[in-house]
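Coordinates as given in my_file39.txt (compact mmCIF, C-alpha atoms):
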```
# COMPACT_ATOMS: atom_id res chain seq x y z
CA MET H 1 116.68 89.51 90.01
CA THR H 2 118.87 92.60 89.98
CA SER H 3 122.49 93.19 88.99
CA ALA H 4 123.41 93.68 92.68
CA GLY H 5 121.92 90.27 93.45
CA ILE H 6 124.00 88.58 90.77
CA GLU H 7 127.10 90.41 91.99
CA ALA H 8 126.44 89.16 95.53
CA ILE H 9 126.90 85.54 94.41
CA ALA H 10 129.31 86.14 91.52
CA ALA H 11 132.67 85.65 93.28
CA PRO H 12 132.40 81.89 93.96
CA LEU H 13 130.86 81.32 90.52
CA HIS H 14 133.73 83.14 88.83
CA GLY H 15 136.13 80.98 90.84
CA ALA H 16 134.52 77.70 89.81
CA PRO H 17 131.99 78.39 87.02
CA GLY H 18 131.49 74.72 86.18
CA LYS H 19 130.03 73.97 89.63
CA LEU H 20 126.77 75.79 88.87
CA SER H 21 124.32 73.14 87.71
CA ALA H 22 121.24 75.37 87.28
CA LEU H 23 120.16 78.95 87.88
CA VAL H 24 116.50 79.71 87.12
CA ILE H 25 115.08 83.21 87.51
CA GLY H 26 111.51 84.42 86.99
CA ALA H 27 111.91 88.15 86.40
CA GLY H 28 114.78 90.59 86.17
CA THR H 29 115.99 94.02 85.14
CA TYR H 30 117.94 94.66 81.95
CA GLN H 31 121.07 95.28 84.03
CA ALA H 32 120.55 91.93 85.78
CA PHE H 33 120.56 90.13 82.46
CA GLN H 34 123.74 91.99 81.60
CA ALA H 35 125.17 90.45 84.78
CA PHE H 36 123.98 87.06 83.48
CA ASP H 37 126.21 87.72 80.48
CA GLY H 38 129.08 88.26 82.91
CA LEU H 39 128.53 84.74 84.28
CA LEU H 40 128.69 83.34 80.78
CA ASP H 41 131.87 85.32 80.10
CA ALA H 42 133.33 83.89 83.33
CA GLY H 43 132.83 80.35 82.01
CA VAL H 44 129.40 79.28 83.30
CA PRO H 45 128.08 76.81 80.69
CA PRO H 46 125.21 78.38 78.69
CA ASP H 47 122.87 75.46 79.37
CA ARG H 48 122.94 76.21 83.13
CA LEU H 49 121.13 79.57 82.94
CA HIS H 50 117.34 79.63 82.54
CA VAL H 51 114.51 82.17 82.43
CA HIS H 52 111.07 81.13 83.67
CA LEU H 53 108.56 83.28 81.77
CA GLY H 54 105.57 82.28 83.87
CA PHE H 55 102.10 81.75 82.46
CA SER H 56 99.81 84.00 80.42
CA GLY H 57 97.18 83.78 77.71
CA PRO H 58 95.10 85.82 75.27
CA SER H 59 93.08 88.51 77.05
CA GLY H 60 90.84 89.46 74.15
CA GLY H 61 91.84 93.11 74.61
CA LYS H 62 93.04 95.42 71.86
CA ASP H 63 95.66 97.43 73.75
CA ASN H 64 96.86 94.49 75.86
CA PRO H 65 96.14 91.30 73.91
CA PHE H 66 97.64 89.05 76.61
CA HIS H 67 97.31 88.88 80.40
CA ARG H 68 100.09 90.98 81.87
CA TYR H 69 99.35 90.23 85.53
CA ARG H 70 99.98 86.49 85.60
CA PRO H 71 101.20 83.51 87.62
CA MET H 72 104.98 83.31 87.74
CA LEU H 73 107.90 81.52 89.39
CA HIS H 74 108.17 82.77 92.96
CA SER H 75 110.15 80.16 94.91
CA LYS H 76 113.56 81.00 96.35
CA VAL H 77 115.73 77.92 96.79
CA TYR H 78 119.51 77.90 97.07
CA LEU H 79 120.78 74.29 97.04
CA MET H 80 124.45 73.37 97.49
CA GLU H 81 125.68 69.78 97.23
CA MET H 82 129.07 68.81 98.64
CA ALA H 83 131.62 66.28 97.46
CA ASP H 84 131.37 64.35 100.76
CA GLY H 85 127.72 63.40 100.17
CA THR H 86 126.19 66.14 102.31
CA ALA H 87 124.06 69.05 101.17
CA SER H 88 122.86 72.43 102.39
CA ALA H 89 119.80 74.32 101.25
CA PHE H 90 118.64 77.81 102.02
CA VAL H 91 114.91 78.18 101.45
CA GLY H 92 113.19 81.47 102.25
CA SER H 93 111.83 84.78 101.03
CA HIS H 94 115.07 86.14 99.55
CA ASN H 95 114.93 87.10 95.90
CA LEU H 96 118.17 87.31 93.96
CA THR H 97 118.56 91.04 94.68
CA GLY H 98 121.08 93.12 96.55
CA PHE H 99 118.48 94.36 99.03
CA ALA H 100 117.55 90.76 99.90
CA LEU H 101 120.95 89.08 99.97
CA LEU H 102 122.90 91.92 101.60
CA GLY H 103 120.58 92.38 104.58
CA LEU H 104 118.62 95.51 103.67
CA ASN H 105 115.20 93.85 103.36
CA GLY H 106 113.27 92.17 106.13
CA GLU H 107 113.61 88.54 105.06
CA ALA H 108 113.30 85.09 106.61
CA GLY H 109 114.73 81.73 105.58
CA VAL H 110 115.51 78.22 106.77
CA LEU H 111 118.94 76.60 106.45
CA ILE H 112 118.79 72.82 105.99
CA ASP H 113 121.94 70.67 106.45
CA GLY H 114 122.27 66.92 106.17
CA ALA H 115 122.94 63.93 103.98
CA ALA H 116 122.28 64.63 100.33
CA ASP H 117 119.85 61.71 100.08
CA GLU H 118 117.56 62.99 102.85
CA PRO H 119 113.90 63.32 101.72
CA GLU H 120 113.99 67.12 102.04
CA PHE H 121 116.81 67.40 99.52
CA VAL H 122 115.15 64.89 97.19
CA ALA H 123 112.03 67.07 97.20
CA LEU H 124 114.06 70.23 96.55
CA ARG H 125 115.85 68.61 93.59
CA ARG H 126 112.49 67.56 92.19
CA HIS H 127 111.20 71.13 92.52
CA ILE H 128 114.28 72.62 90.83
CA ALA H 129 114.07 70.08 88.00
CA GLU H 130 110.43 71.04 87.41
CA CYS H 131 111.37 74.73 87.32
CA VAL H 132 114.09 74.01 84.76
CA SER H 133 111.68 71.99 82.63
CA GLN H 134 109.19 74.87 82.54
CA ALA H 135 111.84 77.51 81.81
CA THR H 136 113.56 78.52 78.60
CA ALA H 137 117.32 78.59 78.08
CA TYR H 138 118.80 82.05 78.58
CA ASP H 139 119.63 83.87 75.34
CA ARG H 140 121.85 86.92 75.68
CA ASP H 141 120.31 88.37 72.51
CA LEU H 142 116.92 88.54 74.26
CA LYS H 143 117.89 90.74 77.23
CA GLU H 144 115.64 93.55 76.00
CA ALA H 145 112.75 91.13 75.53
CA TYR H 146 113.18 89.62 79.02
CA ALA H 147 113.24 93.09 80.58
CA TRP H 148 110.14 94.07 78.56
CA TRP H 149 108.33 90.95 79.84
CA THR H 150 109.14 91.95 83.42
CA THR H 151 107.84 95.46 82.72
CA GLN H 152 104.59 94.01 81.39
CA TYR H 153 104.07 92.13 84.64
CA VAL H 154 104.80 95.24 86.72
CA ASP H 155 102.40 97.34 84.63
CA GLY H 156 99.71 94.69 85.01
CA LEU H 157 100.30 94.63 88.76
CA LYS H 158 99.91 98.41 88.88
CA VAL H 159 96.47 98.05 87.33
CA GLU H 160 95.51 95.49 89.99
CA ILE H 161 96.82 97.70 92.80
CA GLY H 162 95.28 100.92 91.59
CA ARG H 163 91.95 99.71 90.29
CA PRO H 164 89.16 101.70 92.05
CA PRO H 165 85.89 100.00 92.93
CA ALA H 166 83.86 99.97 89.73
CA ASP H 167 80.53 100.34 91.52
CA ALA H 168 81.20 103.69 93.24
CA GLU H 169 79.17 106.62 91.91
CA ASN H 170 80.40 110.21 91.97
CA LYS H 171 77.40 111.51 93.89
CA GLN H 172 78.03 114.06 96.63
CA THR H 173 76.02 113.50 99.78
CA ILE H 174 75.66 115.31 103.08
CA VAL H 175 75.27 112.55 105.66
CA VAL H 176 73.67 113.50 108.97
CA LEU H 177 74.00 111.01 111.84
CA ALA H 178 71.61 112.09 114.56
CA ALA H 179 70.36 110.91 117.94
CA ARG H 180 66.61 110.62 118.44
CA ALA H 181 65.23 112.95 121.07
CA LEU H 182 61.82 112.76 122.71
CA GLY H 183 58.87 113.03 120.37
CA PRO H 184 57.89 111.76 116.93
CA LEU H 185 60.27 111.08 114.05
CA PRO H 186 60.29 113.39 111.01
CA THR H 187 57.88 112.56 108.19
CA ILE H 188 57.61 113.52 104.52
CA GLY H 189 57.33 117.29 104.14
CA ASN H 190 58.95 118.13 107.47
CA VAL H 191 61.80 120.65 107.45
CA ILE H 192 64.99 119.85 109.39
CA TYR H 193 67.53 122.56 110.25
CA PHE H 194 71.26 122.05 110.90
CA GLU H 195 74.54 123.88 110.29
CA MET H 196 77.65 123.08 108.27
CA SER H 197 80.89 124.89 107.54
CA LYS H 198 80.17 127.93 105.39
CA ALA H 199 83.44 127.37 103.51
CA LEU H 200 82.41 123.81 102.67
CA MET H 201 79.09 124.87 101.17
CA GLU H 202 80.84 127.60 99.15
CA PHE H 203 83.44 125.07 98.02
CA ASN H 204 80.76 122.88 96.41
CA SER H 205 78.91 124.51 93.55
CA LEU H 206 76.36 121.69 93.21
CA ARG H 207 73.79 121.03 95.88
CA PRO H 208 74.31 117.50 97.13
CA GLU H 209 71.67 115.09 98.32
CA VAL H 210 71.09 114.91 102.05
CA HIS H 211 70.74 111.58 103.86
CA ILE H 212 69.72 111.69 107.53
CA TYR H 213 70.02 108.65 109.80
CA VAL H 214 68.33 108.81 113.19
CA PHE H 215 69.66 106.44 115.86
CA ASP H 216 68.37 105.43 119.28
CA PRO H 217 70.92 105.38 120.82
CA LEU H 218 73.55 107.10 118.69
CA PRO H 219 76.86 105.18 118.36
CA ALA H 220 79.82 106.74 120.14
CA THR H 221 81.68 108.02 117.06
CA PRO H 222 80.81 109.04 113.49
CA ALA H 223 82.86 106.13 112.13
CA ALA H 224 80.96 103.69 114.33
CA ALA H 225 77.65 105.15 113.20
CA LEU H 226 78.63 104.75 109.55
CA LEU H 227 79.25 101.07 110.25
CA GLN H 228 75.80 100.68 111.82
CA LEU H 229 73.53 102.46 109.35
CA ASP H 230 71.27 99.43 109.18
CA SER H 231 70.33 99.94 112.84
CA ALA H 232 69.04 103.51 112.35
CA LYS H 233 65.41 104.05 113.43
CA ALA H 234 64.79 106.39 110.50
CA LYS H 235 66.60 106.79 107.16
CA LEU H 236 65.49 109.97 105.45
CA VAL H 237 66.38 111.30 102.02
CA CYS H 238 66.05 115.08 101.88
CA GLY H 239 66.42 117.93 99.47
CA ILE H 240 67.98 121.27 100.38
CA ASP H 241 65.12 123.69 101.02
CA GLY H 242 67.13 126.78 101.87
CA LEU H 243 70.62 128.11 102.57
CA GLN H 244 71.17 131.18 104.68
CA MET H 245 74.50 133.00 104.48
CA GLU H 246 76.15 135.27 107.04
CA ARG H 247 73.64 134.37 109.80
CA GLY H 248 70.88 135.63 107.53
CA GLY H 249 68.21 133.28 108.85
CA VAL H 250 67.01 135.10 111.95
CA GLU H 251 63.61 133.38 112.01
CA LEU H 252 63.13 130.21 109.97
CA LEU H 253 60.49 127.63 109.24
CA ALA H 254 61.58 124.31 110.76
CA ASP H 255 59.94 121.26 112.28
CA PHE H 256 63.15 119.74 113.71
CA HIS H 257 66.65 121.02 114.36
CA ILE H 258 70.15 119.82 115.30
CA ASP H 259 72.05 122.32 117.44
CA ASN H 260 75.46 120.68 117.71
CA ARG H 261 77.13 118.61 115.00
CA ARG H 262 79.30 116.88 117.63
CA GLN H 263 76.32 116.10 119.89
CA PRO H 264 73.65 115.80 117.20
CA ASP H 265 70.34 115.50 119.02
CA LEU H 266 67.42 115.75 116.60
CA LYS H 267 64.85 117.85 118.48
CA PRO H 268 61.42 119.22 117.57
CA ALA H 269 61.66 122.91 116.74
CA THR H 270 59.64 125.44 118.71
CA ARG H 271 58.02 128.33 116.86
CA PRO H 272 59.07 130.93 116.20
CA PHE H 273 62.35 129.13 115.44
CA ARG H 274 65.22 131.55 115.89
CA PRO H 275 68.63 129.79 115.58
CA ARG H 276 71.91 131.30 116.67
CA PRO H 277 74.50 129.93 114.29
CA ALA H 278 78.15 129.95 115.27
CA PRO H 279 80.56 132.14 113.27
CA GLY H 280 81.61 130.57 109.98
CA MET H 281 78.66 128.17 109.87
CA GLN H 282 76.16 127.82 107.03
CA GLN H 283 72.47 127.57 107.94
CA VAL H 284 70.92 124.63 106.07
CA SER H 285 67.25 123.72 105.88
CA VAL H 286 66.27 120.44 104.22
CA ARG H 287 62.86 118.96 103.50
CA VAL H 288 62.15 115.26 103.98
CA GLN H 289 61.28 113.63 100.65
CA GLY H 290 61.01 110.01 101.74
CA THR H 291 63.03 106.98 102.85
CA ILE H 292 66.60 106.48 101.64
CA PRO H 293 66.31 104.00 98.74
CA GLY H 294 68.46 101.05 99.80
CA ALA H 295 71.80 100.84 101.57
CA PHE H 296 74.82 103.01 100.85
CA GLU H 297 78.49 102.99 101.69
CA TYR H 298 79.77 106.57 101.87
CA LEU H 299 83.28 107.36 100.66
CA PHE H 300 85.18 110.38 101.92
CA ASP H 301 87.74 110.96 99.21
CA ARG H 302 87.50 111.81 95.55
CA GLY H 303 88.84 108.43 94.47
CA LYS H 304 92.29 109.78 93.67
CA ALA H 305 94.91 111.11 96.05
CA ASP H 306 98.61 111.90 96.13
CA TRP H 307 100.60 110.44 99.00
CA ALA H 308 104.07 110.88 100.43
CA PRO H 309 106.05 108.88 103.00
CA VAL H 310 106.47 110.16 106.55
CA TYR H 311 110.04 109.56 107.74
CA ASP H 312 111.20 108.78 111.25
CA ASP H 313 113.18 111.80 112.46
CA ALA H 314 115.59 109.58 114.34
CA LEU H 315 118.27 107.74 112.39
CA VAL H 316 117.40 104.06 112.67
CA PRO H 317 120.30 101.93 111.38
CA LEU H 318 119.54 98.76 109.50
CA ARG H 319 120.23 95.83 111.82
CA SER H 320 120.16 92.06 111.51
CA ASP H 321 118.10 89.91 113.87
CA GLY H 322 121.26 89.49 115.92
CA GLY H 323 121.54 93.23 116.44
CA GLN H 324 124.50 93.77 114.12
CA GLU H 325 124.34 96.91 112.02
CA VAL H 326 124.16 96.12 108.30
CA THR H 327 126.89 97.62 106.14
CA VAL H 328 125.22 98.94 103.01
CA PRO H 329 127.25 98.94 99.77
CA ALA H 330 127.57 102.41 98.28
CA ASP H 331 125.69 101.47 95.11
CA LEU H 332 122.64 100.45 97.17
CA LEU H 333 122.43 103.75 99.06
CA PRO H 334 119.96 106.44 97.90
CA ARG H 335 121.56 109.19 95.87
CA VAL H 336 120.17 111.92 98.10
CA GLY H 337 121.06 111.79 101.78
CA GLN H 338 123.12 108.60 101.46
CA ARG H 339 121.06 106.74 104.08
CA TRP H 340 117.80 104.84 104.24
CA LEU H 341 115.16 106.31 106.56
CA ARG H 342 112.44 104.29 108.25
CA VAL H 343 109.00 105.12 106.86
CA GLN H 344 106.57 105.38 109.76
CA GLY H 345 103.45 106.36 107.85
CA LEU H 346 101.87 107.88 104.75
CA GLN H 347 100.28 111.30 104.39
CA ARG H 348 98.25 113.09 101.75
CA VAL H 349 100.04 115.79 99.79
CA GLY H 350 98.87 118.47 97.40
CA PRO H 351 99.56 122.01 96.23
CA ALA H 352 99.89 124.53 99.05
CA ALA H 353 97.00 126.50 97.56
CA GLN H 354 94.68 123.61 98.34
CA GLU H 355 95.59 123.46 102.03
CA ALA H 356 92.63 125.58 103.15
CA ASN H 357 90.24 123.41 101.16
CA GLN H 358 91.77 120.28 102.68
CA LEU H 359 91.17 121.66 106.18
CA VAL H 360 87.58 122.50 105.29
CA LEU H 361 86.97 118.99 103.97
CA TRP H 362 88.60 117.43 107.02
CA ASP H 363 86.18 119.41 109.18
CA ALA H 364 83.29 117.54 107.49
CA ASP H 365 85.04 114.15 107.58
CA PRO H 366 84.14 111.41 110.12
CA SER H 367 87.65 111.58 111.56
CA SER H 368 87.01 115.15 112.72
CA GLY H 369 84.37 114.02 115.23
CA SER H 370 81.51 115.74 113.40
CA PHE H 371 78.31 113.71 112.96
CA ILE H 372 77.36 115.89 109.98
CA VAL H 373 79.77 114.78 107.27
CA PHE H 374 80.33 115.27 103.55
CA SER H 375 80.77 112.29 101.23
CA TRP H 376 82.31 112.79 97.79
CA ARG H 377 81.28 109.39 96.45
CA ARG H 378 79.08 106.53 97.49
CA ARG H 379 78.53 102.89 96.73
CA ARG H 380 75.13 101.24 96.62
CA GLY H 381 74.46 98.09 98.61
CA GLY H 382 76.48 96.49 101.42
CA GLN H 383 77.72 98.01 104.63
CA ARG H 384 81.51 98.03 104.63
CA GLY H 385 82.05 101.26 106.52
CA THR H 386 84.11 104.13 105.21
CA GLU H 387 86.70 103.49 102.54
CA ARG H 388 89.23 105.77 104.19
CA ALA H 389 89.75 105.59 107.91
CA GLY H 390 90.19 108.93 109.61
CA THR H 391 93.47 109.85 111.23
CA GLY H 392 91.90 111.86 114.05
CA ARG H 393 93.81 115.00 113.10
CA PRO H 394 93.72 117.60 110.32
CA PRO H 395 95.82 117.01 107.18
CA GLY H 396 99.40 118.13 107.54
CA ASP H 397 99.59 117.58 111.31
```

Whole structure, structure tokens version:
Amino acid sequence: MTSAGIEAIAAPLHGAPGKLSALVIGAGTYQAFQAFDGLLDAGVPPDRLHVHLGFSGPSGGKDNPFHRYRPMLHSKVYLMEMADGTASAFVGSHNLTGFALLGLNGEAGVLIDGAADEPEFVALRRHIAECVSQATAYDRDLKEAYAWWTTQYVDGLKVEIGRPPADAENKQTIVVLAARALGPLPTIGNVIYFEMSKALMEFNSLRPEVHIYVFDPLPATPAAALLQLDSAKAKLVCGIDGLQMERGGVELLADFHIDNRRQPDLKPATRPFRPRPAPGMQQVSVRVQGTIPGAFEYLFDRGKADWAPVYDDALVPLRSDGGQEVTVPADLLPRVGQRWLRVQGLQRVGPAAQEANQLVLWDADPSSGSFIVFSWRRRRGGQRGTERAGTGRPPGD
């Protein structure tokens, strides 16, 4: 409930305050409860206003000794009974807020008309009576407490929304998804050569583990391969054996090599092995240590990101289902711009100084099309794919 919602229904109540038989709300802002006071001042009997405080219980915690995220009243029923024995009820998704009642939200509801003794109205009266019985009478001296109780629920909901998976470990991993070529598979002690972005390797001060999955055949995309790790013919855990900067490795020791990270064929190396790395690429040699111990889900973010909405450039007016443009009251317009813009997506944001690093990391992300990718975190057990789906374009595009 918000103050704008109360104001949307206030006029008829001010005109005939005694006609309101019950108003039960489950959560509201401090200003909304001030509007409740306005109904009382207009003559609404005090025993008609109720606050449903929901359900909670001791949590056993020190900082939050009760459950903040909790079951609560969530039904929206507007029942009107007429003097001629008929009734109307509006049952839907609309909360008692200005956005809902004045047409700004996307809402749906059903209008029921008929004789007041129809079974549907009997059931609605029974539901309202139960809500009243579970609620407490509104007390204007407790506005601050009611608003605090709403804040507790919102804070508890934030914890539920933002809680990261507890089983993810902050272990950096280079994941190589390769296609099997003719010949034997690598074994313990073999050296495998591939290339990664030089900037990425400089960006990471710690040497990550290397996990190599060899497929036959290789799935069409890196994301698809990450979803099918169980089907790999070989799953190799490797340690970094050598890094060559500035095309320093003219002749290297290698048993296998991958020439192209976008067409990653794992081929036996011929000796002498003389790679020709592309500009800006880091030469990486890894030695097979054994089989990857168990299953992993690889995560391609650091577990925390800042996001911003992407607005539609075109002005899209708010319209009802019937095509009529919604007139927005001035107090429900945003302070800046004075119009609501359709949000068509979400994008990562960060300091401009980090833009180069973001581009480097995108280049080693599955969405870039590279089959040699860099995972910031990983989760043991289960194959649920990547936690963040790629957009198919660099950040900022």

If you count only C-alpha atoms, which residues fall within 8 Å of H:Glu251, apart from same-chain ones fewer than 5 positions away, as a list in words?
->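 Result of the neighbour search: Pro272, Phe273, Arg274 and Pro275 of chain H.
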
Exercise: H:Val91 partners within 7 Å, all atoms listed in the file, chain neighbours under 4 positions left out, as a PyMOL selection string | chain H and resi 76-78+109-111

Can you tell me which residues surround H:Pro208 at a distance of at most 8 Å, considering only C-alpha atoms, apart from same-chain residues fewer than 2 positions away, and format the answer as a short mmCIF file (atom, residue, chain, number, x, y, z; two decimals) with C-alpha atoms, keeping the file's coordinate frame?
```
data_model
loop_
_atom_site.label_atom_id
_atom_site.label_comp_id
_atom_site.auth_asym_id
_atom_site.auth_seq_id
_atom_site.Cartn_x
_atom_site.Cartn_y
_atom_site.Cartn_z
CA LYS H 171 77.40 111.51 93.89
CA GLN H 172 78.03 114.06 96.63
CA THR H 173 76.02 113.50 99.78
CA ILE H 174 75.66 115.31 103.08
CA LEU H 206 76.36 121.69 93.21
CA VAL H 210 71.09 114.91 102.05
#
```

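Excluding H:Pro268 and any residue on its chain fewer than 4 positions from it, the residues at most 9 Å away by only C-alpha atoms are Ala181, Leu182, Gly183, Pro184, Leu185, Pro186, Ile192, Ala254, Asp255, Phe256 and His257 of chain H.
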
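Ranking H:Met72, H:Leu142, H:Ala224, H:Ala116 by their shortest atom-to-atom distance to H:Gly85, with only C-alpha atoms included, puts H:Ala116 first.
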
Using all atoms listed in the file, determine which residues lie at most 12 Å from stretch 1-17 of chain H, disregarding the query and same-chain residues fewer than 6 positions distant; provide the list as a VMD selection string.
-> chain H and resid 23 to 46 48 to 49 51 to 52 73 to 74 76 78 94 to 104 146 to 147 150 328 to 333

Which residue, H:Arg276, H:Ser59, H:Asp141, H:Cys238, has the smallest gap to H:Arg207 when you use all atoms listed in the file?
->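 The closest residue to H:Arg207 is H:Cys238.
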
Grab the atom CA of H:Ser231 to atom CA of H:Asp301 distance for me, in Å with one decimal place.
-> 24.7 Å

State, in Å with one decimal place, the distance from atom CA of H:Tyr298 to atom CA of H:Ser370.
->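 Result for atom CA of H:Tyr298 versus atom CA of H:Ser370: 14.8 Å, one decimal.
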
Could you check which of H:Pro293, H:Asp155, H:Glu169, H:His50 is closest to H:Ser133, using only C-alpha atoms?
->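 Counting only C-alpha atoms, the residue closest to H:Ser133 is H:His50.
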
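Atom pair atom CA of H:Phe121 / atom CA of H:Ala22: separated by 15.3 Å.
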
Which of these residues is nearest to H:Ala135, using only C-alpha atoms: H:Gly92, H:Gly345, H:Gly54, H:Gly156?
->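 Nearest candidate to H:Ala135 out of H:Gly92, H:Gly345, H:Gly54, H:Gly156: H:Gly54.
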